[in-house]
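Dropping start-v3.tsv in here (TSV, C-alpha atoms and all ligand atoms):
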```tsv
chain	number	residue	atom	x	y	z
V	1	MET	CA	5.19	6.99	27.53
V	2	LYS	CA	7.56	5.23	25.17
V	3	ILE	CA	6.29	4.01	21.79
V	4	ILE	CA	8.16	1.96	19.20
V	5	SER	CA	6.54	2.03	15.79
V	6	VAL	CA	7.51	-0.30	13.02
V	7	VAL	CA	7.82	0.00	9.24
V	8	GLY	CA	9.14	-2.57	6.80
V	9	ALA	CA	7.74	-2.20	3.31
V	10	ARG	CA	6.64	0.58	0.96
V	11	PRO	CA	2.93	0.69	1.90
V	12	ASN	CA	3.88	1.25	5.57
V	13	PHE	CA	5.59	4.59	5.02
V	14	MET	CA	2.48	6.60	4.07
V	15	LYS	CA	0.72	5.12	7.11
V	16	ILE	CA	3.42	5.90	9.69
V	17	ALA	CA	4.21	9.45	8.47
V	18	PRO	CA	1.01	11.06	9.84
V	19	PHE	CA	1.32	9.08	13.10
V	20	ILE	CA	4.83	10.44	13.69
V	21	HIS	CA	3.67	13.95	12.84
V	22	ALA	CA	0.78	13.59	15.32
V	23	ILE	CA	3.27	12.65	18.06
V	24	GLU	CA	5.46	15.65	17.19
V	25	LYS	CA	2.41	17.93	17.38
V	26	HIS	CA	1.31	16.40	20.68
V	27	ASN	CA	4.78	16.88	22.19
V	28	ILE	CA	4.81	20.64	21.53
V	29	ASN	CA	2.36	21.41	24.35
V	30	ALA	CA	2.02	18.18	26.31
V	31	SER	CA	3.20	18.01	29.91
V	32	GLU	CA	3.87	14.29	29.43
V	33	LYS	CA	5.76	13.85	26.20
V	34	VAL	CA	5.72	10.72	24.09
V	35	GLU	CA	9.14	9.23	23.48
V	36	HIS	CA	9.08	7.70	20.01
V	37	ILE	CA	11.44	5.26	18.35
V	38	LEU	CA	11.05	4.30	14.71
V	39	VAL	CA	12.22	0.83	13.68
V	40	HIS	CA	12.70	-0.08	9.98
V	41	THR	CA	12.88	-3.84	9.47
V	42	GLY	CA	14.50	-3.41	6.04
V	43	GLN	CA	12.09	-5.67	4.12
V	44	HIS	CA	12.16	-3.02	1.39
V	45	TYR	CA	15.62	-1.58	0.96
V	46	ASP	CA	15.96	-0.08	-2.56
V	47	ASP	CA	15.97	3.73	-2.46
V	48	ARG	CA	12.99	3.80	-4.81
V	49	MET	CA	11.02	1.47	-2.49
V	50	SER	CA	12.05	3.05	0.81
V	51	LYS	CA	14.44	6.00	1.29
V	52	ASN	CA	12.71	8.24	-1.25
V	53	PHE	CA	9.45	7.97	0.71
V	54	PHE	CA	11.15	9.10	3.92
V	55	LYS	CA	12.36	12.21	2.13
V	56	ALA	CA	9.11	12.93	0.30
V	57	LEU	CA	6.89	12.45	3.36
V	58	ASN	CA	9.21	14.14	5.82
V	59	ILE	CA	9.66	11.03	7.95
V	60	PRO	CA	12.71	11.25	10.22
V	61	ASP	CA	15.36	8.60	9.56
V	62	ALA	CA	14.59	5.35	11.34
V	63	ASP	CA	16.29	5.20	14.75
V	64	ILE	CA	16.96	1.49	14.35
V	65	HIS	CA	17.44	-0.56	11.16
V	66	LEU	CA	17.07	-4.32	11.40
V	67	GLY	CA	18.49	-4.95	7.90
V	68	VAL	CA	16.27	-7.97	7.22
V	69	GLY	CA	16.14	-7.74	3.39
V	70	SER	CA	14.50	-10.13	0.93
V	71	GLY	CA	13.87	-13.83	1.38
V	72	SER	CA	11.08	-16.35	1.85
V	73	HIS	CA	8.28	-15.41	4.24
V	74	ALA	CA	9.69	-17.59	7.00
V	75	GLU	CA	13.14	-16.09	6.51
V	76	GLN	CA	11.83	-12.50	6.60
V	77	VAL	CA	9.57	-13.06	9.60
V	78	GLY	CA	12.16	-15.14	11.48
V	79	ARG	CA	15.00	-12.65	10.94
V	80	THR	CA	12.72	-9.76	11.93
V	81	MET	CA	11.65	-11.48	15.16
V	82	ILE	CA	15.23	-12.27	16.17
V	83	GLU	CA	16.39	-8.69	15.60
V	84	PHE	CA	13.26	-7.00	16.98
V	85	GLU	CA	13.41	-9.00	20.22
V	86	LYS	CA	16.85	-7.50	20.91
V	87	VAL	CA	15.42	-4.00	20.35
V	88	LEU	CA	12.53	-4.64	22.74
V	89	LEU	CA	14.82	-6.03	25.44
V	90	SER	CA	17.05	-2.98	25.35
V	91	GLU	CA	14.35	-0.31	24.88
V	92	MET	CA	11.46	-1.79	26.92
V	93	PRO	CA	8.73	0.41	25.34
V	94	ASP	CA	5.19	0.77	26.72
V	95	TRP	CA	3.70	0.19	23.27
V	96	VAL	CA	4.61	-1.30	19.90
V	97	VAL	CA	2.60	0.19	17.05
V	98	VAL	CA	2.33	-1.79	13.80
V	99	VAL	CA	0.53	-0.74	10.63
V	100	GLY	CA	-0.94	-2.55	7.63
V	101	ASP	CA	-0.43	-6.21	6.81
V	102	VAL	CA	3.13	-6.83	5.67
V	103	ASN	CA	5.58	-9.35	7.15
V	104	ALA	CA	6.97	-6.71	9.52
V	105	THR	CA	3.46	-6.23	10.96
V	106	LEU	CA	3.16	-9.91	11.84
V	107	ALA	CA	6.73	-10.42	13.06
V	108	CYS	CA	6.77	-7.40	15.37
V	109	SER	CA	3.30	-7.92	16.87
V	110	VAL	CA	4.17	-11.52	17.77
V	111	THR	CA	7.54	-10.48	19.24
V	112	ALA	CA	5.95	-7.66	21.27
V	113	LYS	CA	3.32	-9.90	22.81
V	114	LYS	CA	5.91	-12.56	23.68
V	115	GLN	CA	7.67	-9.84	25.68
V	116	HIS	CA	4.34	-8.81	27.30
V	117	ILE	CA	4.44	-5.39	25.63
V	118	LYS	CA	1.19	-3.76	24.59
V	119	CYS	CA	0.61	-3.75	20.85
V	120	CYS	CA	-1.56	-1.45	18.75
V	121	HIS	CA	-2.54	-2.34	15.17
V	122	ILE	CA	-3.42	0.56	12.90
V	123	GLU	CA	-5.57	-0.67	9.96
V	124	ALA	CA	-7.07	-3.55	11.94
V	125	GLY	CA	-10.05	-5.68	10.95
V	126	LEU	CA	-9.56	-5.85	7.17
V	127	ARG	CA	-10.38	-9.33	5.86
V	128	SER	CA	-10.21	-10.65	2.31
V	129	GLY	CA	-11.35	-14.12	3.40
V	130	ASP	CA	-8.49	-15.51	1.26
V	131	ILE	CA	-6.09	-17.33	3.54
V	132	LYS	CA	-3.74	-17.97	0.59
V	133	MET	CA	-2.84	-14.27	0.62
V	134	PRO	CA	0.23	-13.78	2.82
V	135	GLU	CA	-1.26	-10.49	4.02
V	136	GLU	CA	-4.42	-12.25	5.27
V	137	VAL	CA	-2.32	-14.49	7.54
V	138	ASN	CA	-0.50	-11.39	8.79
V	139	ARG	CA	-3.79	-9.58	9.51
V	140	LEU	CA	-5.38	-12.50	11.35
V	141	VAL	CA	-2.41	-13.11	13.64
V	142	THR	CA	-1.77	-9.42	14.34
V	143	ASP	CA	-5.40	-8.72	15.18
V	144	ARG	CA	-5.69	-11.80	17.37
V	145	LEU	CA	-2.74	-10.63	19.47
V	146	SER	CA	-3.02	-6.83	19.53
V	147	ASP	CA	-4.39	-5.06	22.62
V	148	LEU	CA	-5.74	-2.10	20.67
V	149	LEU	CA	-7.30	-2.50	17.22
V	150	LEU	CA	-7.75	0.75	15.27
V	151	THR	CA	-10.01	0.24	12.27
V	152	PRO	CA	-10.34	2.18	8.99
V	153	ASP	CA	-14.07	1.52	8.43
V	154	ARG	CA	-17.13	0.11	10.19
V	155	LEU	CA	-17.05	-3.13	8.18
V	156	SER	CA	-13.73	-3.89	9.86
V	157	ASN	CA	-15.33	-3.51	13.31
V	158	LYS	CA	-18.01	-5.94	12.16
V	159	ASN	CA	-15.36	-8.44	11.00
V	160	LEU	CA	-13.65	-8.26	14.38
V	161	GLU	CA	-16.93	-8.59	16.28
V	162	GLU	CA	-17.73	-11.73	14.25
V	163	GLU	CA	-14.36	-13.15	15.34
V	164	GLY	CA	-15.36	-12.57	18.97
V	165	VAL	CA	-13.25	-9.47	19.66
V	166	SER	CA	-14.59	-7.37	22.52
V	167	PRO	CA	-15.68	-3.87	21.41
V	168	LYS	CA	-13.46	-2.53	24.23
V	169	ARG	CA	-10.36	-3.57	22.27
V	170	MET	CA	-11.34	-1.74	19.06
V	171	SER	CA	-11.85	1.82	17.95
V	172	PHE	CA	-13.02	3.08	14.55
V	173	VAL	CA	-10.55	5.84	13.65
V	174	GLY	CA	-10.68	6.08	9.82
V	175	ASN	CA	-8.01	5.53	7.18
V	176	ILE	CA	-4.60	6.86	8.19
V	177	MET	CA	-3.20	6.66	4.65
V	178	ILE	CA	-5.75	9.26	3.59
V	179	ASP	CA	-4.15	11.69	6.09
V	180	THR	CA	-1.06	11.54	3.90
V	181	LEU	CA	-3.05	11.90	0.69
V	182	GLU	CA	-4.85	14.98	2.03
V	183	SER	CA	-1.66	16.64	3.27
V	184	GLN	CA	0.23	15.97	0.01
V	185	ARG	CA	-2.34	16.33	-2.79
V	186	GLU	CA	-1.75	20.05	-3.34
V	187	LYS	CA	1.97	19.48	-3.75
V	188	ALA	CA	1.38	16.48	-6.02
V	189	GLN	CA	-0.92	18.58	-8.18
V	190	THR	CA	2.02	20.84	-9.11
V	191	TYR	CA	4.05	17.94	-10.57
V	192	ASP	CA	4.43	17.82	-14.35
V	193	LEU	CA	3.16	14.59	-15.93
V	194	ASN	CA	5.76	14.41	-18.68
V	195	LYS	CA	8.60	15.20	-16.30
V	196	ILE	CA	7.48	12.30	-14.07
V	197	LEU	CA	7.85	10.02	-17.11
V	198	SER	CA	11.17	11.35	-18.38
V	199	SER	CA	12.83	11.18	-14.96
V	200	ASN	CA	11.66	7.65	-14.12
V	201	LEU	CA	11.97	5.72	-17.39
V	202	LEU	CA	12.94	2.11	-16.91
V	203	GLU	CA	14.24	1.88	-20.46
V	204	LYS	CA	15.62	4.95	-22.17
V	205	GLU	CA	13.38	5.99	-25.06
V	206	ASP	CA	14.68	8.43	-27.68
V	207	ASP	CA	11.22	9.45	-28.82
V	208	LEU	CA	9.20	9.31	-25.60
V	209	PRO	CA	5.58	10.06	-26.53
V	210	GLY	CA	4.02	12.87	-24.44
V	211	ILE	CA	0.94	12.26	-22.29
V	212	GLU	CA	-2.04	14.45	-21.48
V	213	ALA	CA	-4.34	14.46	-18.44
V	214	GLU	CA	-7.30	12.05	-18.72
V	215	LYS	CA	-5.79	10.54	-21.89
V	216	TYR	CA	-3.74	7.76	-20.37
V	217	GLY	CA	-4.15	4.87	-17.95
V	218	VAL	CA	-1.92	3.46	-15.21
V	219	ILE	CA	-1.12	-0.19	-14.47
V	220	THR	CA	0.53	-1.69	-11.40
V	221	LEU	CA	0.84	-5.41	-10.62
V	222	HIS	CA	2.89	-7.16	-7.96
V	223	ARG	CA	0.72	-9.74	-6.13
V	224	PRO	CA	2.11	-13.27	-6.18
V	225	SER	CA	-1.34	-14.46	-7.38
V	226	ASN	CA	-0.92	-12.42	-10.60
V	227	VAL	CA	2.79	-12.40	-11.33
V	228	ASP	CA	4.26	-15.59	-9.86
V	229	SER	CA	2.89	-18.05	-12.42
V	230	LYS	CA	3.42	-17.76	-16.17
V	231	GLU	CA	0.01	-19.37	-16.88
V	232	VAL	CA	-1.70	-16.44	-15.13
V	233	PHE	CA	0.70	-13.61	-15.92
V	234	GLU	CA	1.23	-14.17	-19.66
V	235	PRO	CA	-2.46	-13.84	-20.67
V	236	ILE	CA	-2.68	-10.61	-18.63
V	237	VAL	CA	0.43	-9.25	-20.34
V	238	ASP	CA	-0.89	-10.26	-23.79
V	239	PHE	CA	-4.24	-8.61	-23.07
V	240	VAL	CA	-2.57	-5.42	-21.86
V	241	ILE	CA	-0.33	-5.23	-24.93
V	242	GLY	CA	-2.92	-6.36	-27.48
V	243	GLU	CA	-6.12	-4.67	-26.26
V	244	VAL	CA	-5.66	-2.30	-23.30
V	245	ALA	CA	-2.67	-0.44	-24.73
V	246	SER	CA	-3.60	-0.98	-28.40
V	247	ASN	CA	-4.76	2.61	-28.91
V	248	PHE	CA	-4.49	4.22	-25.49
V	249	GLN	CA	-1.32	5.11	-23.61
V	250	PHE	CA	-0.59	3.22	-20.42
V	251	ILE	CA	2.02	3.98	-17.80
V	252	TRP	CA	3.39	1.03	-15.86
V	253	PRO	CA	5.59	1.74	-12.83
V	254	ILE	CA	7.01	-1.73	-12.30
V	255	HIS	CA	7.67	-3.35	-8.92
V	256	PRO	CA	11.09	-5.12	-8.71
V	257	ARG	CA	9.41	-8.50	-8.19
V	258	THR	CA	7.33	-7.99	-11.37
V	259	VAL	CA	10.37	-7.05	-13.49
V	260	LYS	CA	12.08	-10.19	-12.25
V	261	GLN	CA	9.08	-12.35	-13.17
V	262	LEU	CA	8.69	-10.74	-16.63
V	263	LYS	CA	12.35	-11.52	-17.33
V	264	ASP	CA	12.19	-15.06	-15.93
V	265	PHE	CA	9.10	-15.81	-18.07
V	266	ASN	CA	10.69	-14.27	-21.22
V	267	LEU	CA	7.91	-11.66	-21.39
V	268	TYR	CA	10.00	-8.58	-20.76
V	269	ASP	CA	11.06	-7.95	-24.37
V	270	LYS	CA	7.52	-7.92	-25.72
V	271	VAL	CA	6.37	-5.59	-22.93
V	272	LYS	CA	9.30	-3.30	-23.67
V	273	ALA	CA	8.50	-3.31	-27.40
V	274	SER	CA	4.87	-2.19	-26.93
V	275	ARG	CA	4.71	1.39	-28.21
V	276	ASN	CA	1.87	2.57	-25.93
V	277	LEU	CA	3.22	1.03	-22.75
V	278	ILE	CA	5.57	3.38	-20.92
V	279	LEU	CA	7.61	1.44	-18.36
V	280	LEU	CA	8.84	3.25	-15.25
V	281	HIS	CA	10.89	2.37	-12.20
V	282	PRO	CA	8.88	2.28	-8.95
V	283	ILE	CA	7.97	5.95	-8.54
V	284	GLY	CA	7.72	8.31	-5.58
V	285	TYR	CA	4.64	9.16	-3.54
V	286	HIS	CA	3.81	12.50	-5.17
V	287	GLU	CA	4.55	11.17	-8.65
V	288	MET	CA	2.09	8.29	-8.18
V	289	LEU	CA	-0.52	10.56	-6.68
V	290	LYS	CA	-0.25	12.94	-9.62
V	291	LEU	CA	-0.46	10.11	-12.17
V	292	ASN	CA	-3.55	8.79	-10.36
V	293	MET	CA	-5.23	12.24	-10.14
V	294	SER	CA	-5.00	12.75	-13.88
V	295	ALA	CA	-5.53	9.19	-15.19
V	296	LYS	CA	-8.56	8.03	-17.15
V	297	ILE	CA	-8.37	4.56	-15.58
V	298	LEU	CA	-6.24	2.43	-13.24
V	299	LEU	CA	-5.60	-1.31	-13.47
V	300	THR	CA	-4.06	-2.56	-10.24
V	301	ASP	CA	-3.78	-5.29	-7.64
V	302	SER	CA	-2.66	-2.88	-4.91
V	303	GLY	CA	-4.91	-2.27	-1.90
V	304	GLY	CA	-3.52	1.20	-1.24
V	305	LEU	CA	-4.14	2.39	-4.80
V	306	GLN	CA	-7.71	1.07	-4.61
V	307	GLU	CA	-8.23	3.34	-1.59
V	308	GLU	CA	-6.60	6.35	-3.23
V	309	CYS	CA	-8.78	5.85	-6.33
V	310	THR	CA	-11.84	6.02	-4.06
V	311	ILE	CA	-10.94	9.46	-2.72
V	312	LEU	CA	-9.71	10.76	-6.10
V	313	GLY	CA	-12.60	9.11	-7.97
V	314	THR	CA	-10.38	7.44	-10.59
V	315	PRO	CA	-12.24	4.51	-12.21
V	316	CYS	CA	-10.30	1.40	-11.20
V	317	LEU	CA	-10.17	-2.28	-12.17
V	318	THR	CA	-8.82	-4.38	-9.30
V	319	LEU	CA	-7.11	-7.49	-10.66
V	320	ARG	CA	-8.08	-9.67	-7.72
V	321	TRP	CA	-10.95	-12.03	-6.91
V	322	ASN	CA	-11.52	-10.57	-3.46
V	323	THR	CA	-10.60	-7.52	-1.46
V	324	GLU	CA	-10.11	-6.75	2.20
V	325	ARG	CA	-11.24	-3.20	1.36
V	326	PRO	CA	-14.89	-3.55	0.20
V	327	VAL	CA	-15.65	0.15	0.86
V	328	THR	CA	-13.56	0.91	-2.23
V	329	LEU	CA	-15.88	-1.09	-4.52
V	330	ARG	CA	-18.56	0.46	-6.73
V	331	GLU	CA	-21.22	-1.63	-4.99
V	332	HIS	CA	-20.34	0.24	-1.77
V	333	GLY	CA	-20.11	3.62	-3.53
V	334	GLY	CA	-16.36	3.44	-4.34
V	335	ALA	CA	-14.52	3.64	-7.67
V	336	SER	CA	-13.25	0.12	-8.22
V	337	VAL	CA	-14.52	-3.23	-9.45
V	338	LEU	CA	-13.04	-6.70	-8.89
V	339	VAL	CA	-12.06	-8.43	-12.13
V	340	GLY	CA	-9.78	-11.24	-10.91
V	341	ASN	CA	-7.43	-12.48	-13.60
V	342	ASN	CA	-10.02	-13.79	-16.06
V	343	ILE	CA	-9.41	-12.06	-19.40
V	344	ASP	CA	-13.07	-12.07	-20.54
V	345	ARG	CA	-14.09	-10.42	-17.33
V	346	ILE	CA	-11.23	-7.89	-17.46
V	347	ARG	CA	-12.15	-7.05	-21.10
V	348	LYS	CA	-15.84	-6.53	-20.33
V	349	GLU	CA	-15.18	-4.31	-17.31
V	350	PHE	CA	-12.37	-2.45	-19.07
V	351	ASN	CA	-14.65	-1.49	-21.98
V	352	PHE	CA	-17.41	-0.41	-19.59
V	353	THR	CA	-15.09	1.45	-17.21
V	354	MET	CA	-13.44	3.45	-20.01
V	355	GLY	CA	-16.85	5.13	-20.45
V	356	LEU	CA	-17.11	6.21	-16.79
V	357	GLU	CA	-16.37	9.66	-15.40
V	358	ARG	CA	-14.21	10.43	-12.36
V	359	LYS	CA	-16.39	10.26	-9.24
V	360	PRO	CA	-14.67	11.04	-5.92
V	361	VAL	CA	-16.25	9.71	-2.72
V	362	ARG	CA	-15.23	10.01	0.89
V	363	PRO	CA	-15.94	7.07	3.21
V	364	GLU	CA	-16.74	7.97	6.83
V	365	LEU	CA	-13.72	9.35	8.77
V	366	TRP	CA	-11.39	9.25	5.76
V	367	ASP	CA	-10.97	12.90	6.61
V	368	GLY	CA	-7.22	13.44	7.04
V	369	LYS	CA	-7.41	13.40	10.85
V	370	THR	CA	-7.05	9.69	11.59
V	371	ALA	CA	-3.52	9.86	13.03
V	372	GLU	CA	-4.66	12.20	15.83
V	373	ARG	CA	-7.43	9.75	16.71
V	374	CYS	CA	-4.92	6.87	16.74
V	375	LEU	CA	-2.61	8.67	19.15
V	376	LEU	CA	-5.52	9.69	21.37
V	377	ALA	CA	-6.73	6.07	21.50
V	378	ILE	CA	-3.28	4.93	22.65
V	379	LEU	CA	-2.85	7.74	25.20
V	380	SER	CA	-6.27	7.13	26.70
V	381	TYR	CA	-6.07	3.31	26.69
D	1	LIG	C1	5.32	-6.60	0.11
D	1	LIG	C2	4.10	-6.95	0.97
D	1	LIG	C3	2.82	-6.60	0.23
D	1	LIG	C4	2.83	-5.17	-0.28
D	1	LIG	C5	4.10	-4.95	-1.09
D	1	LIG	C6	4.24	-3.56	-1.63
D	1	LIG	C7	4.32	-8.89	2.47
D	1	LIG	C8	3.92	-10.29	2.69
D	1	LIG	N1	4.04	-8.37	1.27
D	1	LIG	O1	5.27	-7.44	-1.03
D	1	LIG	O2	1.72	-6.76	1.10
D	1	LIG	O3	1.70	-4.94	-1.06
D	1	LIG	O4	5.23	-5.23	-0.25
D	1	LIG	O5	5.38	-3.47	-2.41
D	1	LIG	O6	4.90	-8.28	3.35
D	1	LIG	N2	12.68	-6.33	-3.95
D	1	LIG	C9	13.66	-5.48	-4.40
D	1	LIG	N3	13.92	-4.34	-3.69
D	1	LIG	C10	13.22	-4.01	-2.57
D	1	LIG	C11	12.24	-4.88	-2.11
D	1	LIG	C12	11.96	-6.02	-2.82
D	1	LIG	O7	14.30	-5.74	-5.40
D	1	LIG	O8	13.50	-2.95	-1.98
D	1	LIG	C13	12.37	-7.54	-4.71
D	1	LIG	C14	13.09	-8.77	-4.22
D	1	LIG	O9	13.38	-9.57	-5.31
D	1	LIG	C15	12.05	-9.45	-3.36
D	1	LIG	C16	10.77	-9.11	-4.12
D	1	LIG	O10	10.99	-7.80	-4.62
D	1	LIG	O11	12.26	-10.80	-3.21
D	1	LIG	C17	9.54	-9.15	-3.28
D	1	LIG	O12	9.67	-8.30	-2.13
D	1	LIG	P1	8.93	-8.67	-0.77
D	1	LIG	O13	9.24	-7.65	0.24
D	1	LIG	O14	9.19	-10.09	-0.40
D	1	LIG	O15	7.39	-8.62	-1.13
D	1	LIG	P2	6.53	-7.59	-2.00
D	1	LIG	O16	6.05	-8.29	-3.21
D	1	LIG	O17	7.21	-6.28	-2.19
```

Produce structure tokens that represent the structure in this file.
Ligand code: UD1
Amino acid sequence: MKIISVVGARPNFMKIAPFIHAIEKHNINASEKVEHILVHTGQHYDDRMSKNFFKALNIPDADIHLGVGSGSHAEQVGRTMIEFEKVLLSEMPDWVVVVGDVNATLACSVTAKKQHIKCCHIEAGLRSGDIKMPEEVNRLVTDRLSDLLLTPDRLSNKNLEEEGVSPKRMSFVGNIMIDTLESQREKAQTYDLNKILSSNLLEKEDDLPGIEAEKYGVITLHRPSNVDSKEVFEPIVDFVIGEVASNFQFIWPIHPRTVKQLKDFNLYDKVKASRNLILLHPIGYHEMLKLNMSAKILLTDSGGLQEECTILGTPCLTLRWNTERPVTLREHGGASVLVGNNIDRIRKEFNFTMGLERKPVRPELWDGKTAERCLLAILSY
């Protein structure tokens, strides 16, 4: 059997690593080996957004790079489809495996189905209900087309059933990203907090203040809905500087798109000047895991971090109005709460959440063995 799996952007790498390792393990003893080709679309191309994750997670170099780069959604998806079609025509795989909900996921599932190649979506069935999110469009199209839908939780199966998907096409396998968390948490634990800061500073600081476990928070923001308009982003920035980081240290590993927006909106200098805000480049997998493990609180709009907070138990404010990952919410036993981008609501939940203790939970089948179940589902399809 020949499988092509696809990655494009940062959140894909921690999902594909365990899948590739499951294939390697399978091939040791199997009479029928799986031939695997890894395609990187190149949506994320900076070393800190891509290459460093390959090294840290022991992912072999991609066999094929499409070199798509940045651009509008149509440009990214269009360029990926044109290049990926050539790959499919020359390789003729049995399966294309896509993960998550980024533009690569959409572009490659559509291209595969147009070539009549079977497609498997790992992390199927998540729905935010918010069609203005680019990821929601990607999820809907990918799930509509894929032959095999592998879901991270039972709510996702329910979503798919409500859309009329036959149960035969879906299998509940658990959360593949948690396989990576479980295999890497011991290593991450050995990382030194202050060394993570000093080696990733975005702006050199002569008198970098030290941090201590449970005495700092972490912020990440990159969603267009939070950072693409000054009317929304500036009040968040002012609140973070004036209230969140007024007497508590906060670490902010900044996404390239967010740096660009802060500079375009003339907000960068005041962020930089805030004494308790420590700005970092995008950081590596183990570095982020360590910061999360030892943080008092996280403020984020990232879906992946919401899930990691659930397993680690880190109290989390999710700066979104909806989530495709409801199992991570406190009302479903998780560690996070939706606060949108309304400052009064963020303030109220921030003050409450600062009083909470770390409370790890483990949703069903988030057990570190999801990748094996994914491969088995494909092999026995
Ligand atoms: C993409 C995903 C999003 C995911 C996020 C994680 C889609 C629709 N969005 O959003 O779901 O949560 O990745 O990061 O696929 N840039 C760089 N270097 C890079 C990559 C990007 O400087 O290596 C800058 C460019 O200015 C680019 C901008 O970041 O235009 C946005 O990148 P893009 O890939 O379009 O979307 P993300 O916001 O990263």

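Close contacts of His65 of chain V, defined as residues with an atom at most 6 Å away when counting only C-alpha atoms, with chain neighbours fewer than 2 positions off set aside, comprise Val39, His40, Thr41 and Gly67 of chain V.
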
- Message: Using all atoms listed in the file, list the residues that have an atom at most 12 Å from (-14.4, -4.0, 5.2), coordinates as in the file, as a PyMOL selection string.
- Response: chain V and resi 123-129+151-160+172+174-175+303+307+322-329+332+363

- Task: Using only C-alpha atoms and all ligand atoms, find each protein or nucleic acid residue lying at most 10 Å from ligand LIG 1 (chain D); present the set as a PyMOL selection string.
- Result: chain V and resi 8-12+42-51+68-73+75-77+100-106+133-138+221-224+227+255-261+282+301-304

- Task: Within 10 Å of Ala273 of chain V, counting all atoms listed in the file, which residues show up once you throw out same-chain ones fewer than 5 positions away? Write them as a list of chain:residue names, please.
- Result: V:Ile241, V:Tyr268, V:Ile278

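In this model, the gap between atom CA of Cys108 of chain V and atom CA of Leu376 of chain V comes to 21.9 Å.
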
- Could you check how far atom CA of Asn247 of chain V sits from atom CA of Thr310 of chain V, in Å to one decimal? 26.1 Å

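Going from atom CA of Ala245 of chain V over to atom CA of Leu277 of chain V, you cover 6.4 Å.
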
- Message: Give me the residues near Gly368 of chain V as a PyMOL selection string, where near means some atom within 10 Å (using all atoms listed in the file) and where sequence neighbours in that chain fewer than 4 positions away do not count.
- Response: chain V and resi 18+174-183+372

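Residue nearest Pro360 of chain V within the list V:Glu91, V:Tyr381, V:Ile343, V:Pro315: V:Pro315 [criterion: smallest interatomic distance, all atoms listed in the file].
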
Exercise: residues within 10 Å of coordinate (-5.9, -11.5, -14.5), counting all atoms listed in the file, as an mmCIF file with C-alpha atoms, in the coordinates of the input:
```
data_model
loop_
_atom_site.group_PDB
_atom_site.id
_atom_site.type_symbol
_atom_site.label_atom_id
_atom_site.label_comp_id
_atom_site.auth_asym_id
_atom_site.auth_seq_id
_atom_site.Cartn_x
_atom_site.Cartn_y
_atom_site.Cartn_z
ATOM 1 C CA LEU V 221 0.840 -5.410 -10.620
ATOM 2 C CA SER V 225 -1.340 -14.460 -7.380
ATOM 3 C CA ASN V 226 -0.920 -12.420 -10.600
ATOM 4 C CA VAL V 227 2.790 -12.400 -11.330
ATOM 5 C CA VAL V 232 -1.700 -16.440 -15.130
ATOM 6 C CA PHE V 233 0.700 -13.610 -15.920
ATOM 7 C CA GLU V 234 1.230 -14.170 -19.660
ATOM 8 C CA PRO V 235 -2.460 -13.840 -20.670
ATOM 9 C CA ILE V 236 -2.680 -10.610 -18.630
ATOM 10 C CA VAL V 237 0.430 -9.250 -20.340
ATOM 11 C CA PHE V 239 -4.240 -8.610 -23.070
ATOM 12 C CA ASP V 301 -3.780 -5.290 -7.640
ATOM 13 C CA THR V 318 -8.820 -4.380 -9.300
ATOM 14 C CA LEU V 319 -7.110 -7.490 -10.660
ATOM 15 C CA ARG V 320 -8.080 -9.670 -7.720
ATOM 16 C CA TRP V 321 -10.950 -12.030 -6.910
ATOM 17 C CA VAL V 339 -12.060 -8.430 -12.130
ATOM 18 C CA GLY V 340 -9.780 -11.240 -10.910
ATOM 19 C CA ASN V 341 -7.430 -12.480 -13.600
ATOM 20 C CA ASN V 342 -10.020 -13.790 -16.060
ATOM 21 C CA ILE V 343 -9.410 -12.060 -19.400
ATOM 22 C CA ASP V 344 -13.070 -12.070 -20.540
ATOM 23 C CA ARG V 345 -14.090 -10.420 -17.330
ATOM 24 C CA ILE V 346 -11.230 -7.890 -17.460
#
```

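Closest approach to His21 of chain V among V:Phe53, V:Pro60, V:Lys290, V:Thr300: V:Pro60, based on only C-alpha atoms.
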
- 9 Å contact set for Glu287 of chain V, all atoms listed in the file, chain neighbours under 5 positions out, as an MDAnalysis selection string: chainID V and resid 188 191:193 196 292

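Proximity of V:Ile254, V:Ile4, V:Ile219, V:Met14 to Cys316 of chain V, computed with only C-alpha atoms, is greatest for V:Ile219.
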
- Message: If we count all atoms listed in the file and set the cut-off at 6 Å, which residues sit around segment 23-36 of chain V, ignoring sequence neighbours fewer than 3 positions away in its own chain? Please answer as a PyMOL selection string.
- Response: chain V and resi 1-4+20

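Distances here use all atoms listed in the file; by that measure, the residue among V:Leu57, V:Ala112, V:Ala213, V:Leu338 closest to Tyr285 of chain V is V:Leu57.
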
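Using only C-alpha atoms, the shortest contact distance between Cys309 of chain V and any of V:Ile378, V:Leu66, V:Val99, V:Val218 is found at V:Val218.
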